[in-house]
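Asker: Input: one structure, supplied below.
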Amino acid sequence: MQGTAEMLTAFETCPRQAWWRREWERTKMGATQMLQAGVCAAMLEAERKDWGEVAGETVYALGAEPGLLTEHYDVHSEVIHLAAIADVVASAVRPPGSLPWLVPESLDGWEPSCFLSPDGLHLRRIVFASSWNDDRHYSVCRSWPSLGPVSYYKMPMQIAVVILGQHRGGKYFSSWSRGLLHPMNKKLRFRKKRDIAAGFKASWEEVWREDHAEISTEQWLQAMLEDGALADACFSVDIAVPEKPARDRIVDMAKRKLDRVAALTELPDPQLTGCDWPAPCIFRDPCHAGREPREGLFKILTSSY
Ligand code: SF4
């Protein structure tokens, strides 16, 4: 059975979630899932040089098909907002002139969901988070999407962490999407995370990235850099390859757990602890209603476990 970090994470959260994930996938995409898809498309782009545009266009296309899963009433505006963020993030994570990221080959028993640096020496992935602290750091470093591929491929990993800020009313509140314009000279500034009160009068105009096409992505990023906002919003976390005994332990554990997923023969009991946090379970609605997932809201996976 080909293992994935996503299946192992689902199984550890709730065996019922893993049972359904063997066959079902949600039809629409969540906001961070859509951002992830847009920015990753830009990292892999081998022909075009405007990867910010690639990311934005990808998000916009995904907003039409399969669509964004949201409770916000103005879905179109939310997709435009996400496309604008994807443009700035992709331009920050992939420097001008750099080669495209690669996809590692599948291994016997492991299907990767991470990437490879252009020189083939590091695994890479992008993590979107609303905020960051030590607990989140260790949670990401010790998660299956990090330790799984690092142990299977015996390669270090570089994680690009992107802090999106709070998500309210269909918008992310961070410097990727929101800034302040000087009332006279229209200079773009950002409030620093650790110095929020720093000298902005009420006359500075709050602006959203998607409403100001006259500000280029490069100008937006440069302003973030000059105000120290870029360092708060985007940084790298490196994961070294564990020593062989630790690596072998992780791979053996993954195999045992994946065997247990494959051996499931009936719908497992719910595990209520994982239904809502740290992220809502994608099967929460049918599960709590006592139903099976059904087509329309979900689609059947072609490659079944
Ligand atoms: S909603 Fe809760 S119990 Fe149901 S599959 Fe998801 S995590 Fe498990």
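Chain lettering (A, B, ...) mirrors the order of the structure tokens, residue numbering begins at 1 for each chain separately, and ligand numbering begins at 1 in order of display.
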Once you count only C-alpha atoms and all ligand atoms, which residues end up within 6 Å of ligand 1, and could you hand them over as an MDAnalysis selection string?

Answerer: chainID A and resid 14 16:17 270:272 274:275 281 283:284 287

Asker: Using DSSP on the backbone, list every residue of region 27-159 of chain A that comes out as helix (DSSP H, G or I), and give them as a ChimeraX atom specification.

Answerer: /A:31-44,51-67,75-93,134-141,144-153

Asker: What are the nearest atom pairs, with distances in Å to one decimal, for all residues of region 50-152 of chain A that come at most 6 Å from region 156-169 of chain A, using only C-alpha atoms, set out by chain and rising residue number as a Markdown table?

Answerer:
| residue | atom | partner | partner_atom | distance |
| --- | --- | --- | --- | --- |
| A:His122 | CA | A:Met157 | CA | 5.4 |
| A:Leu123 | CA | A:Met157 | CA | 4.4 |
| A:Arg124 | CA | A:Gln158 | CA | 4.9 |
| A:Arg125 | CA | A:Ile159 | CA | 5.1 |
| A:Ile126 | CA | A:Ala160 | CA | 4.8 |
| A:Val127 | CA | A:Val161 | CA | 4.9 |
| A:Phe128 | CA | A:Val162 | CA | 4.8 |
| A:Ala129 | CA | A:Ile163 | CA | 5.0 |
| A:Ser130 | CA | A:Gly165 | CA | 4.4 |
| A:Ser131 | CA | A:Ile163 | CA | 5.7 |
| A:Val150 | CA | A:Pro156 | CA | 5.9 |

Asker: I need the residues in region 256-300 of chain A that are strand (DSSP E or B) according to DSSP; give them as a list in words.

Answerer: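 Written out, the strand (DSSP E or B) residues of region 256-300 of chain A are Glu295, Phe298, Lys299 and Ile300 of chain A.
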
Asker: Go ahead and write the residues just picked, N, CA, C and O atoms, as a compact mmCIF listing (two decimals), in the first residue's frame.

Answerer:
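The resulting result12.txt:
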# COMPACT_ATOMS: atom_id res chain seq x y z
N GLU A 295 -21.84 11.93 -3.11
CA GLU A 295 -21.34 12.69 -4.26
C GLU A 295 -22.06 14.02 -4.36
O GLU A 295 -23.22 14.15 -3.98
N PHE A 298 -18.72 15.57 -2.07
CA PHE A 298 -17.46 14.82 -2.10
C PHE A 298 -17.35 14.12 -3.45
O PHE A 298 -18.35 13.92 -4.14
N LYS A 299 -16.12 13.75 -3.80
CA LYS A 299 -15.97 12.95 -5.02
C LYS A 299 -15.17 11.70 -4.70
O LYS A 299 -14.34 11.70 -3.78
N ILE A 300 -15.42 10.68 -5.47
CA ILE A 300 -14.73 9.40 -5.23
C ILE A 300 -13.33 9.47 -5.80
O ILE A 300 -13.12 9.92 -6.92

Asker: Compile the contact shell of Met43 (chain A) as a VMD selection string: residues with an atom at most 9 Å away, counting only C-alpha atoms, same-chain residues fewer than 3 positions apart removed.

Answerer: chain A and resid 38 to 40 46 51 55 90 93 to 94 99 to 102

Asker: Please, could you write that set of residues out with all heavy atoms as a CSV table (one decimal), in the first residue's frame?

Answerer:
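Written file, selection.csv:
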chain,number,residue,atom,x,y,z
A,38,GLY,N,-2.2,27.2,-5.6
A,38,GLY,CA,-1.7,28.3,-6.4
A,38,GLY,C,-0.2,28.6,-6.3
A,38,GLY,O,0.5,28.7,-7.3
A,39,VAL,N,0.3,28.6,-5.1
A,39,VAL,CA,1.7,28.9,-4.9
A,39,VAL,C,2.5,27.8,-5.4
A,39,VAL,O,3.6,28.0,-6.0
A,39,VAL,CB,1.9,29.3,-3.4
A,39,VAL,CG1,3.4,29.4,-3.1
A,39,VAL,CG2,1.2,30.5,-3.0
A,40,CYS,N,2.1,26.5,-5.1
A,40,CYS,CA,2.9,25.4,-5.6
A,40,CYS,C,2.9,25.3,-7.1
A,40,CYS,O,4.0,25.0,-7.7
A,40,CYS,CB,2.3,24.1,-5.0
A,40,CYS,SG,2.6,23.9,-3.3
A,46,ALA,N,7.9,26.0,-15.2
A,46,ALA,CA,9.2,25.9,-15.9
A,46,ALA,C,9.3,26.8,-17.1
A,46,ALA,O,10.4,27.1,-17.6
A,46,ALA,CB,9.4,24.5,-16.3
A,51,TRP,N,5.9,34.1,-12.0
A,51,TRP,CA,5.3,33.1,-11.2
A,51,TRP,C,4.2,33.7,-10.3
A,51,TRP,O,3.3,32.9,-9.8
A,51,TRP,CB,6.3,32.2,-10.4
A,51,TRP,CG,7.7,32.7,-10.2
A,51,TRP,CD1,8.1,33.5,-9.2
A,51,TRP,CD2,8.8,32.4,-11.1
A,51,TRP,NE1,9.5,33.7,-9.4
A,51,TRP,CE2,9.9,33.0,-10.5
A,51,TRP,CE3,9.0,31.8,-12.3
A,51,TRP,CZ2,11.2,33.0,-11.0
A,51,TRP,CZ3,10.2,31.7,-12.8
A,51,TRP,CH2,11.3,32.3,-12.2
A,55,ALA,N,0.6,31.9,-9.9
A,55,ALA,CA,-0.1,31.6,-8.7
A,55,ALA,C,-1.5,32.2,-8.6
A,55,ALA,O,-2.5,31.5,-8.3
A,55,ALA,CB,0.7,32.0,-7.5
A,90,ALA,N,3.9,33.8,-3.8
A,90,ALA,CA,4.8,33.1,-4.7
A,90,ALA,C,6.0,33.9,-5.1
A,90,ALA,O,7.1,33.4,-5.3
A,90,ALA,CB,3.9,32.8,-6.0
A,93,VAL,N,8.5,33.7,-2.2
A,93,VAL,CA,9.1,32.4,-1.9
A,93,VAL,C,10.0,32.0,-3.0
A,93,VAL,O,11.1,31.4,-2.8
A,93,VAL,CB,8.0,31.3,-1.7
A,93,VAL,CG1,8.6,29.9,-1.5
A,93,VAL,CG2,7.2,31.7,-0.5
A,94,ARG,N,9.7,32.4,-4.3
A,94,ARG,CA,10.6,32.0,-5.4
A,94,ARG,C,11.2,33.2,-6.0
A,94,ARG,O,10.6,34.0,-6.6
A,94,ARG,CB,9.8,31.3,-6.5
A,94,ARG,CG,10.7,30.7,-7.6
A,94,ARG,CD,9.9,29.8,-8.5
A,94,ARG,NE,10.7,29.6,-9.7
A,94,ARG,CZ,10.3,29.0,-10.8
A,94,ARG,NH1,9.1,28.6,-10.9
A,94,ARG,NH2,11.2,28.8,-11.8
A,99,LEU,N,15.4,28.6,-10.6
A,99,LEU,CA,14.8,27.4,-11.4
A,99,LEU,C,13.6,26.9,-10.7
A,99,LEU,O,13.4,27.1,-9.5
A,99,LEU,CB,15.9,26.3,-11.5
A,99,LEU,CG,17.2,26.7,-12.3
A,99,LEU,CD1,18.3,25.7,-12.1
A,99,LEU,CD2,16.8,26.8,-13.8
A,100,PRO,N,12.8,26.1,-11.5
A,100,PRO,CA,11.6,25.6,-10.9
A,100,PRO,C,11.9,24.5,-9.9
A,100,PRO,O,12.9,23.8,-10.0
A,100,PRO,CB,10.8,25.0,-12.1
A,100,PRO,CG,11.8,24.8,-13.1
A,100,PRO,CD,12.9,25.8,-12.9
A,101,TRP,N,11.0,24.3,-8.9
A,101,TRP,CA,11.1,23.2,-7.9
A,101,TRP,C,10.8,21.9,-8.7
A,101,TRP,O,10.2,22.0,-9.7
A,101,TRP,CB,10.2,23.4,-6.8
A,101,TRP,CG,10.5,24.5,-5.9
A,101,TRP,CD1,11.4,25.5,-6.1
A,101,TRP,CD2,9.9,24.8,-4.6
A,101,TRP,NE1,11.4,26.4,-5.1
A,101,TRP,CE2,10.5,26.0,-4.1
A,101,TRP,CE3,8.9,24.2,-3.8
A,101,TRP,CZ2,10.1,26.6,-2.9
A,101,TRP,CZ3,8.6,24.8,-2.6
A,101,TRP,CH2,9.2,26.0,-2.1
A,102,LEU,N,11.2,20.8,-8.1
A,102,LEU,CA,11.0,19.5,-8.7
A,102,LEU,C,10.0,18.7,-7.8
A,102,LEU,O,9.8,19.0,-6.7
A,102,LEU,CB,12.3,18.8,-8.9
A,102,LEU,CG,13.4,19.6,-9.7
A,102,LEU,CD1,14.7,18.9,-9.6
A,102,LEU,CD2,13.0,19.8,-11.1

Asker: For Arg178 (chain A), which residue among A:Trp144, A:Tyr153, A:Trp277, A:Trp220 is the nearest when counting only C-alpha atoms?

Answerer: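 Of A:Trp144, A:Tyr153, A:Trp277, A:Trp220, the one nearest Arg178 (chain A) is A:Trp220, counting only C-alpha atoms.
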
Asker: Check which residues of region 48-97 of chain A sit at most 8 Å from region 200-212 of chain A using only C-alpha atoms, and return one row each with the closest pair of atoms and their distance in Å to one decimal, ordered by chain and rising number, as a tab-separated table.

Answerer:
residue	atom	partner	partner_atom	distance
A:Ile80	CA	A:Glu210	CA	6.7
A:His81	CA	A:Glu210	CA	5.8
A:Ala84	CA	A:Glu210	CA	5.5
A:Ile85	CA	A:Arg209	CA	7.6

Asker: Restricting it to all heavy atoms, dump the selection as a JSON list (two decimals), in the first residue's frame.

Answerer:
[["chain", "number", "residue", "atom", "x", "y", "z"],
["A", 80, "ILE", "N", -10.77, 36.43, -5.35],
["A", 80, "ILE", "CA", -9.88, 37.50, -5.83],
["A", 80, "ILE", "C", -8.86, 37.84, -4.73],
["A", 80, "ILE", "O", -7.66, 38.04, -5.00],
["A", 80, "ILE", "CB", -10.69, 38.77, -6.19],
["A", 80, "ILE", "CG1", -11.67, 38.47, -7.33],
["A", 80, "ILE", "CG2", -9.79, 39.94, -6.54],
["A", 80, "ILE", "CD1", -11.03, 38.27, -8.66],
["A", 81, "HIS", "N", -9.33, 37.89, -3.50],
["A", 81, "HIS", "CA", -8.46, 38.17, -2.36],
["A", 81, "HIS", "C", -7.38, 37.09, -2.24],
["A", 81, "HIS", "O", -6.19, 37.39, -2.09],
["A", 81, "HIS", "CB", -9.35, 38.20, -1.10],
["A", 81, "HIS", "CG", -8.62, 38.33, 0.19],
["A", 81, "HIS", "ND1", -8.03, 39.52, 0.61],
["A", 81, "HIS", "CD2", -8.38, 37.43, 1.18],
["A", 81, "HIS", "CE1", -7.47, 39.33, 1.79],
["A", 81, "HIS", "NE2", -7.66, 38.08, 2.15],
["A", 84, "ALA", "N", -4.79, 37.37, -5.03],
["A", 84, "ALA", "CA", -3.84, 38.46, -4.79],
["A", 84, "ALA", "C", -2.78, 38.04, -3.78],
["A", 84, "ALA", "O", -1.58, 38.33, -3.95],
["A", 84, "ALA", "CB", -4.59, 39.70, -4.29],
["A", 85, "ILE", "N", -3.19, 37.33, -2.73],
["A", 85, "ILE", "CA", -2.22, 36.85, -1.73],
["A", 85, "ILE", "C", -1.27, 35.84, -2.38],
["A", 85, "ILE", "O", -0.05, 35.90, -2.18],
["A", 85, "ILE", "CB", -2.94, 36.20, -0.53],
["A", 85, "ILE", "CG1", -3.75, 37.24, 0.24],
["A", 85, "ILE", "CG2", -1.95, 35.52, 0.40],
["A", 85, "ILE", "CD1", -4.56, 36.67, 1.38]]

Asker: For a quick check of understanding, using only C-alpha atoms, which of A:Val103, A:Met224, A:Val140, A:Tyr152 has the smallest distance to Lys187 (chain A)?

Answerer: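 Selected residue with least distance to Lys187 (chain A): A:Met224.
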
Asker: Using only C-alpha atoms, which of A:Ser77, A:Leu258, A:Gly290, A:Thr273 sits nearest Trp19 (chain A)?

Answerer: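 Ranked by minimum distance to Trp19 (chain A), first place goes to A:Leu258.
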
Asker: For Thr217 (chain A), which residue among A:Glu57, A:Glu65, A:Glu12, A:Asp87 is the nearest when counting only C-alpha atoms?

Answerer: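 Ranked by minimum distance to Thr217 (chain A), first place goes to A:Asp87.
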
Asker: Residues near Leu301 (chain A), anyone? I mean within 9 Å using only C-alpha atoms, not counting same-chain ones fewer than 5 positions away, as a list of chain:residue names.

Answerer: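 Those residues are A:Arg21, A:Arg22, A:Glu23, A:Trp24, A:Glu25.
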
Asker: Rounded to one decimal, what separation in Å do you get between CA of Asp285 (chain A) and CA of Gly170 (chain A)?

Answerer: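 According to the coordinates, CA of Asp285 (chain A) and CA of Gly170 (chain A) are separated by 20.8 Å.
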
Asker: What's the separation between CA of Gln33 (chain A) and CA of Leu68 (chain A), in Å to one decimal place?

Answerer: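 We find that CA of Gln33 (chain A) and CA of Leu68 (chain A) lie 9.4 Å from each other.
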
Asker: Give me the residues within 8 Å of Leu82 (chain A) as a list in words, counting only C-alpha atoms and dropping any in the same chain fewer than 4 places off.

Answerer: Ala31, Met34, Leu35, Gly56, Val59, Glu78 and Ala86 of chain A

Asker: With distances taken over only C-alpha atoms, which of A:Ile282, A:Cys114, A:Leu62, A:Ala233 is nearest to Val88 (chain A)?

Answerer: A:Ala233

Asker: Give me, please, the distance in Å between CA of Ala37 (chain A) and CA of Ala64 (chain A), quoted to one decimal.

Answerer: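 Interatomic distance, CA of Ala37 (chain A) to CA of Ala64 (chain A): 13.9 Å.
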
Asker: In terms of the shortest atom-to-atom distance over only C-alpha atoms, which of A:Gly179, A:Pro145, A:Gly97, A:Gly120 is closest to Ala229 (chain A)?

Answerer: A:Gly179
